[in-house]
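**Student:** Sending over a structure as structure tokens; questions will come in a sec.
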Amino acid sequence: MDEESELIQPQDQSCWAALPDVCLCRVFWWLGDRDRSRAALVCRKWNQMMYSADLWRYRTITFSGRPSRVHASEVESALWYVKKFGRYLERLEVKFLNPYNAVLTKKFQVTMRGLLSCLSKSNNRLKSLSIQHLELDRLVWRNSIRSSFIRSLSFFLKKMGKHLDYLNLKGARLTVEQGCHILDSLSHLRNENVISELNIEDYFSHHLAVYSSPQFKKTMSTFHNLVSLNLNYNCISDELLENLCENASTLWTINIKCHIHDPHGQVIWGMSWAKLARQATNLKVNFYFERIMKYERLARILLQEIPVRSISLRSCYFSDPDWSMRPTLIDLLPTFRHTLQKLTFEFNNNHESLDEELHLLIVSCRKLFYFKIWAFLDVRFVERILKSQKERQCALRKVRIYTNRYETNEEDRTLREIYRKYRKLIDSELSYFVIAYPMM
């Protein structure tokens, strides 16, 4: 047994010693921080691999909103590694999960101040920064803590803004003054910045009419290289669209969220959208509506001049017996039949049948490839869609249907029969999922 071990051991060692650097780096890439540290003690080659820039280009740090010794040690470990290998960072994501008191927000603010200060001194590679869902308008953020964090972030962006290509501050929930102060830091001592992807969805607090703020319009005029822009509809104005027109050659995507609590009654001229569409020839606009379901409100927003690629309409489980989805399906959405590629619906239509209207909409949108719906539907609606797909009346590639029924046994059997009937079509062409949910 000992002789056999002696024969195998040199062969194993030579095999590992001959492992190419690219393969060894890939092995290290899958390891956590602690395992990397242990592996680095094996030999000089593995220790050198620990300092490979490829291992430290991407980093996600998660701060828990609840006190935990285990999580606290993980954060401390992650921060130590970021400070040690921060010069290699190209993409950094920071998450702060639902803090429940001011002690934790203070700790987060102090930690971030040290982290951002360290990176601003040692790093000149950072291309992407994401700090999402801070919700700085909550009471757990004392004024002094919030102000200190904003100062630290602004100072960091002043120094690193010339390198950043992607900035995601979704869910920050700031005042207009605070939000513009942070964004202005990107163009410090310059009249423009190099950001190509900007996500400021829910960046400002609810109920703010950002579209009427001259400060916001001035701030957005410094973004000359935008390819992708995420924001809320309460930021949209004719002046903003005019600013985007000035450097529209690079603009490809605008994602717009419209929430019931955000001001969305402003008048936007169709000619403003038409001008932007002419200047940005590749522009695609995606709309995400939450609890804005009435035809009158949607028609004021979804103007026919907009090159709409995707529409999501979600009622968030709220229902209104006086509301009807039929006018939207018949009169409004077909306006975009030449550009619409994705449709997502979630609504309570227990008081009206919409199977026919939905089917006609799908067939009329010749570019539609993604369809997802959660509503009261007859399961035979699924068969109609599959039949239209088979006859090449539509070109769907992804179908997600959740039908709400009071009794699902019969519907389940029918769905199984439909699947067997169109199995060849489904398996060859579709990413397909359909289920009947019982209503309680």
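For the structure tokens, the naming scheme is as follows: chains receive sequential letters (A, B, ...) according to their order of presentation, residues are indexed from 1 within each chain, and ligands are indexed from 1 in presentation order.
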Please provide the set of residues having any atom within 6 Å of segment 195-204 of chain A, restricted to only C-alpha atoms, with same-chain residues fewer than 2 positions apart removed, written as a list of chain:residue names.
**Tutor:**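 Returned residues: A:Asp165, A:Tyr166, A:Leu167, A:Asn168, A:Leu169, A:Lys170, A:Gly171, A:Ala172, A:Arg173, A:Leu174, A:Thr175, A:Asn193, A:Asn225, A:Leu226, A:Val227, A:Ser228, A:Leu229, A:Asn230, A:Leu231, A:Asn232.
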**Student:** Can you write just those residues out, all heavy atoms, as a compact mmCIF listing (two decimals), in the first residue's frame?
**Tutor:**
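part-v6.txt was written with the following content:
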```txt
# COMPACT_ATOMS: atom_id res chain seq x y z
N ASP A 165 -18.42 53.79 -16.36
CA ASP A 165 -19.23 53.61 -17.56
C ASP A 165 -20.67 53.25 -17.20
O ASP A 165 -21.59 53.54 -17.96
CB ASP A 165 -18.61 52.49 -18.42
CG ASP A 165 -19.41 52.21 -19.67
OD1 ASP A 165 -19.44 53.10 -20.54
OD2 ASP A 165 -19.98 51.11 -19.80
N TYR A 166 -20.86 52.63 -16.01
CA TYR A 166 -22.18 52.16 -15.58
C TYR A 166 -22.41 52.59 -14.14
O TYR A 166 -21.55 52.38 -13.27
CB TYR A 166 -22.23 50.63 -15.69
CG TYR A 166 -23.47 49.99 -15.12
CD1 TYR A 166 -24.61 49.82 -15.89
CD2 TYR A 166 -23.49 49.54 -13.80
CE1 TYR A 166 -25.75 49.22 -15.36
CE2 TYR A 166 -24.63 48.94 -13.26
CZ TYR A 166 -25.75 48.78 -14.05
OH TYR A 166 -26.87 48.19 -13.54
N LEU A 167 -23.56 53.20 -13.89
CA LEU A 167 -23.92 53.62 -12.54
C LEU A 167 -25.37 53.23 -12.27
O LEU A 167 -26.28 53.60 -13.01
CB LEU A 167 -23.75 55.13 -12.36
CG LEU A 167 -24.11 55.69 -10.97
CD1 LEU A 167 -23.20 55.09 -9.90
CD2 LEU A 167 -24.03 57.20 -10.96
N ASN A 168 -25.57 52.47 -11.18
CA ASN A 168 -26.90 52.01 -10.81
C ASN A 168 -27.18 52.43 -9.37
O ASN A 168 -26.61 51.90 -8.43
CB ASN A 168 -26.98 50.48 -10.93
CG ASN A 168 -28.39 49.95 -10.69
OD1 ASN A 168 -29.24 50.65 -10.17
ND2 ASN A 168 -28.63 48.70 -11.07
N LEU A 169 -28.06 53.41 -9.22
CA LEU A 169 -28.47 53.89 -7.90
C LEU A 169 -29.97 53.70 -7.71
O LEU A 169 -30.65 54.51 -7.06
CB LEU A 169 -28.08 55.36 -7.73
CG LEU A 169 -26.58 55.66 -7.77
CD1 LEU A 169 -26.32 57.16 -7.71
CD2 LEU A 169 -25.86 54.95 -6.61
N LYS A 170 -30.49 52.63 -8.27
CA LYS A 170 -31.91 52.33 -8.20
C LYS A 170 -32.38 52.23 -6.75
O LYS A 170 -31.75 51.61 -5.92
CB LYS A 170 -32.17 51.01 -8.92
CG LYS A 170 -33.61 50.53 -8.86
CD LYS A 170 -33.75 49.21 -9.60
CE LYS A 170 -35.17 48.67 -9.51
NZ LYS A 170 -35.32 47.39 -10.24
N GLY A 171 -33.51 52.89 -6.47
CA GLY A 171 -34.12 52.78 -5.15
C GLY A 171 -33.47 53.62 -4.07
O GLY A 171 -33.68 53.36 -2.89
N ALA A 172 -32.70 54.65 -4.45
CA ALA A 172 -32.03 55.48 -3.44
C ALA A 172 -33.04 56.34 -2.67
O ALA A 172 -32.85 56.63 -1.49
CB ALA A 172 -30.98 56.38 -4.10
N ARG A 173 -34.10 56.81 -3.35
CA ARG A 173 -35.17 57.60 -2.72
C ARG A 173 -34.64 58.89 -2.09
O ARG A 173 -34.66 59.06 -0.87
CB ARG A 173 -35.91 56.77 -1.68
CG ARG A 173 -36.54 55.50 -2.22
CD ARG A 173 -37.89 55.79 -2.88
NE ARG A 173 -38.49 54.59 -3.41
CZ ARG A 173 -39.21 53.72 -2.70
NH1 ARG A 173 -39.38 53.95 -1.41
NH2 ARG A 173 -39.74 52.67 -3.26
N LEU A 174 -34.19 59.79 -2.94
CA LEU A 174 -33.62 61.06 -2.50
C LEU A 174 -34.52 62.22 -2.86
O LEU A 174 -35.45 62.09 -3.66
CB LEU A 174 -32.25 61.26 -3.16
CG LEU A 174 -31.16 60.25 -2.81
CD1 LEU A 174 -30.04 60.31 -3.84
CD2 LEU A 174 -30.62 60.50 -1.42
N THR A 175 -34.24 63.37 -2.28
CA THR A 175 -34.88 64.59 -2.74
C THR A 175 -34.25 64.99 -4.07
O THR A 175 -33.19 64.49 -4.45
CB THR A 175 -34.70 65.73 -1.73
OG1 THR A 175 -33.30 66.07 -1.66
CG2 THR A 175 -35.20 65.33 -0.34
N ASN A 193 -20.02 63.86 -18.72
CA ASN A 193 -19.44 62.66 -18.12
C ASN A 193 -19.48 61.54 -19.14
O ASN A 193 -20.08 61.68 -20.21
CB ASN A 193 -20.18 62.27 -16.84
CG ASN A 193 -21.67 62.05 -17.08
OD1 ASN A 193 -22.06 61.08 -17.71
ND2 ASN A 193 -22.51 62.96 -16.58
N ASN A 225 -23.29 60.61 -23.44
CA ASN A 225 -22.88 59.34 -24.02
C ASN A 225 -23.81 58.19 -23.66
O ASN A 225 -23.42 57.02 -23.70
CB ASN A 225 -21.46 58.98 -23.56
CG ASN A 225 -20.44 60.03 -23.94
OD1 ASN A 225 -20.04 60.14 -25.10
ND2 ASN A 225 -20.01 60.82 -22.96
N LEU A 226 -25.03 58.51 -23.29
CA LEU A 226 -25.96 57.48 -22.81
C LEU A 226 -26.33 56.48 -23.91
O LEU A 226 -26.70 56.86 -25.02
CB LEU A 226 -27.22 58.11 -22.25
CG LEU A 226 -27.11 58.78 -20.89
CD1 LEU A 226 -28.42 59.46 -20.51
CD2 LEU A 226 -26.71 57.79 -19.81
N VAL A 227 -26.23 55.21 -23.54
CA VAL A 227 -26.71 54.11 -24.38
C VAL A 227 -28.01 53.55 -23.79
O VAL A 227 -28.94 53.22 -24.52
CB VAL A 227 -25.66 53.00 -24.49
CG1 VAL A 227 -26.21 51.81 -25.27
CG2 VAL A 227 -24.40 53.52 -25.16
N SER A 228 -28.05 53.48 -22.45
CA SER A 228 -29.22 52.94 -21.77
C SER A 228 -29.56 53.83 -20.57
O SER A 228 -28.68 54.22 -19.81
CB SER A 228 -28.93 51.51 -21.29
OG SER A 228 -30.00 51.00 -20.52
N LEU A 229 -30.86 54.13 -20.42
CA LEU A 229 -31.33 55.01 -19.34
C LEU A 229 -32.56 54.39 -18.69
O LEU A 229 -33.54 54.08 -19.37
CB LEU A 229 -31.66 56.40 -19.89
CG LEU A 229 -32.28 57.40 -18.92
CD1 LEU A 229 -31.33 57.70 -17.76
CD2 LEU A 229 -32.68 58.68 -19.64
N ASN A 230 -32.50 54.20 -17.37
CA ASN A 230 -33.64 53.73 -16.58
C ASN A 230 -34.09 54.85 -15.66
O ASN A 230 -33.26 55.39 -14.91
CB ASN A 230 -33.26 52.51 -15.73
CG ASN A 230 -32.99 51.27 -16.55
OD1 ASN A 230 -32.32 51.32 -17.56
ND2 ASN A 230 -33.51 50.15 -16.10
N LEU A 231 -35.36 55.18 -15.68
CA LEU A 231 -35.87 56.23 -14.81
C LEU A 231 -37.38 56.09 -14.66
O LEU A 231 -38.00 55.24 -15.29
CB LEU A 231 -35.50 57.60 -15.34
CG LEU A 231 -36.25 58.18 -16.56
CD1 LEU A 231 -35.83 59.63 -16.79
CD2 LEU A 231 -36.02 57.37 -17.83
N ASN A 232 -37.96 56.94 -13.82
CA ASN A 232 -39.41 56.94 -13.61
C ASN A 232 -40.07 57.96 -14.52
O ASN A 232 -39.45 58.95 -14.94
CB ASN A 232 -39.72 57.27 -12.15
CG ASN A 232 -39.32 56.15 -11.21
OD1 ASN A 232 -38.17 55.78 -11.15
ND2 ASN A 232 -40.28 55.63 -10.46
```
**Student:** Using DSSP on the backbone coordinates, identify all residues within segment 214-342 of chain A classified as strand (DSSP E or B); present the result as a list in words.
**Tutor:** Phe223, Ser228, Leu229, Asn230, Leu231, Asn232, Thr253, Ile254, Asn255, Ile256, Lys257, Cys258, His259, Lys284, Val285, Asn286, Phe287, Tyr288, Phe289, Glu290, Val308, Arg309, Ser310, Ile311, Ser312, Leu313, Arg314 and Lys342 of chain A
**Student:** I'd like the contact shell of segment 214-217 of chain A - 8 Å cut-off, only C-alpha atoms, skipping same-chain residues fewer than 2 positions apart - returned as a JSON list (two decimals) with C-alpha atoms, in the first residue's frame.
**Tutor:**
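Writing done, so here's selection23.json:
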```json
[["chain", "number", "residue", "atom", "x", "y", "z"],
["A", 176, "VAL", "CA", -34.35, 66.35, -6.07],
["A", 177, "GLU", "CA", -31.57, 68.48, -4.57],
["A", 180, "CYS", "CA", -28.89, 66.05, -8.52],
["A", 210, "VAL", "CA", -39.08, 65.79, -10.83],
["A", 211, "TYR", "CA", -40.08, 66.73, -14.38],
["A", 212, "SER", "CA", -40.69, 70.33, -13.27],
["A", 219, "THR", "CA", -28.04, 67.80, -14.49],
["A", 220, "MET", "CA", -29.27, 65.48, -17.24],
["A", 221, "SER", "CA", -27.84, 67.77, -19.91],
["A", 239, "GLU", "CA", -36.99, 69.42, -22.03],
["A", 240, "LEU", "CA", -35.44, 66.08, -21.03]]
```
**Student:** Need the shell around Glu93 of chain A: protein/DNA/RNA residues with any atom at most 9 Å away, counting only C-alpha atoms. Skip same-chain ones fewer than 3 positions apart. Format as a VMD selection string?
**Tutor:** chain A and resid 58 to 62 128 to 132 168
**Student:** One number please: atom CA of Arg91 of chain A to atom CA of Lys162 of chain A, in Å, one decimal.
**Tutor:**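 Atom-to-atom, atom CA of Arg91 of chain A and atom CA of Lys162 of chain A are spaced 14.8 Å apart.
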**Student:** Please provide the set of residues having any atom within 12 Å of segment 73-77 of chain A, restricted to only C-alpha atoms, with same-chain residues fewer than 6 positions apart removed, written as a tab-separated table (two decimals) with C-alpha atoms, in the first residue's frame.
**Tutor:**
```
chain	number	residue	atom	x	y	z
A	32	GLY	CA	-14.68	31.82	-1.86
A	33	ASP	CA	-12.36	34.20	-0.06
A	34	ARG	CA	-11.46	31.80	2.74
A	37	SER	CA	-6.56	32.15	1.22
A	60	THR	CA	-20.52	41.96	-4.55
A	61	ILE	CA	-20.73	43.01	-0.91
A	62	THR	CA	-23.97	42.36	0.95
A	63	PHE	CA	-24.77	44.17	4.21
A	64	SER	CA	-27.53	42.58	6.25
A	67	PRO	CA	-27.42	42.01	13.30
A	83	LYS	CA	-9.14	47.00	0.36
A	84	LYS	CA	-6.29	44.56	-0.33
A	94	VAL	CA	-23.09	46.86	-2.86
A	95	LYS	CA	-26.33	45.61	-1.28
A	96	PHE	CA	-27.85	46.81	1.99
A	107	LYS	CA	-22.38	51.30	10.65
A	108	PHE	CA	-23.08	51.00	6.93
A	111	THR	CA	-17.98	51.29	6.46
A	112	MET	CA	-18.82	52.73	3.05
A	115	LEU	CA	-14.33	51.60	1.50
```
**Student:** Please report the interatomic distance between atom CA of Met325 of chain A and atom CA of Ile362 of chain A in Å with one decimal.
**Tutor:**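 Result for atom CA of Met325 of chain A versus atom CA of Ile362 of chain A: 15.1 Å, one decimal.
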**Student:** Which of segment 82-321 of chain A counts as helix (DSSP H, G or I) under DSSP, as a PyMOL selection string please?
**Tutor:** chain A and resi 82-88+102-122+143-160+176-187+210-212+214-220+233-235+238-246+248-250+270-279+295-301
**Student:** Measuring between only C-alpha atoms, which one of A:Glu352, A:Asp427, A:Glu411, A:Glu135 shows the shortest distance to Phe381 of chain A?
**Tutor:**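 Under the stated criterion, the closest residue is A:Glu411.
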**Student:** Which residues are near Asp262 of chain A? Cut-off 8 Å, only C-alpha atoms, ignore same chain within fewer than 3 positions. Put them as a PyMOL selection string.
**Tutor:** chain A and resi 206-209+233-234+258-259
**Student:** Give the answer as one residue: which of A:Val103, A:Asn282, A:Trp269, A:Leu377 has the shortest atom-to-atom distance to Ile145 of chain A, using only C-alpha atoms?
**Tutor:** A:Val103
**Student:** Could you tell me how far atom CA of Leu358 of chain A sits from atom CA of Pro327 of chain A, in Å to one decimal place?
**Tutor:** 11.5 Å
**Student:** Show me, as a PDB file with N, CA and C atoms, in the first residue's frame, the residues that have an atom within 9 Å of segment 322-324 of chain A when counting only C-alpha atoms, minus same-chain residues fewer than 3 positions from it.
**Tutor:**
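File around_28.pdb, as written:
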```
ATOM      1  N   MET A 293     -53.801  51.353 -14.611  1.00  0.00           N
ATOM      2  CA  MET A 293     -54.458  50.414 -15.512  1.00  0.00           C
ATOM      3  C   MET A 293     -55.570  51.050 -16.343  1.00  0.00           C
ATOM      4  N   LYS A 294     -56.047  52.216 -15.946  1.00  0.00           N
ATOM      5  CA  LYS A 294     -57.180  52.817 -16.644  1.00  0.00           C
ATOM      6  C   LYS A 294     -56.751  53.392 -17.990  1.00  0.00           C
ATOM      7  N   TYR A 295     -57.615  53.204 -18.959  1.00  0.00           N
ATOM      8  CA  TYR A 295     -57.323  53.593 -20.333  1.00  0.00           C
ATOM      9  C   TYR A 295     -56.965  55.076 -20.445  1.00  0.00           C
ATOM     10  N   SER A 319     -57.816  45.521  -7.302  1.00  0.00           N
ATOM     11  CA  SER A 319     -58.900  45.339  -8.270  1.00  0.00           C
ATOM     12  C   SER A 319     -59.889  46.486  -8.173  1.00  0.00           C
ATOM     13  N   PRO A 327     -60.788  48.410 -23.491  1.00  0.00           N
ATOM     14  CA  PRO A 327     -60.372  49.526 -24.362  1.00  0.00           C
ATOM     15  C   PRO A 327     -58.860  49.576 -24.600  1.00  0.00           C
ATOM     16  N   THR A 328     -58.092  49.227 -23.573  1.00  0.00           N
ATOM     17  CA  THR A 328     -56.633  49.224 -23.725  1.00  0.00           C
ATOM     18  C   THR A 328     -56.194  48.168 -24.724  1.00  0.00           C
ATOM     19  N   ASN A 349     -59.305  40.342 -13.903  1.00  0.00           N
ATOM     20  CA  ASN A 349     -60.417  40.562 -14.840  1.00  0.00           C
ATOM     21  C   ASN A 349     -61.555  39.597 -14.575  1.00  0.00           C
ATOM     22  N   HIS A 351     -64.373  40.123 -13.664  1.00  0.00           N
ATOM     23  CA  HIS A 351     -65.675  40.671 -14.052  1.00  0.00           C
ATOM     24  C   HIS A 351     -65.862  40.748 -15.562  1.00  0.00           C
ATOM     25  N   GLU A 352     -64.830  40.401 -16.356  1.00  0.00           N
ATOM     26  CA  GLU A 352     -64.970  40.455 -17.807  1.00  0.00           C
ATOM     27  C   GLU A 352     -64.044  39.429 -18.466  1.00  0.00           C
TER      28      GLU A 352
END
```
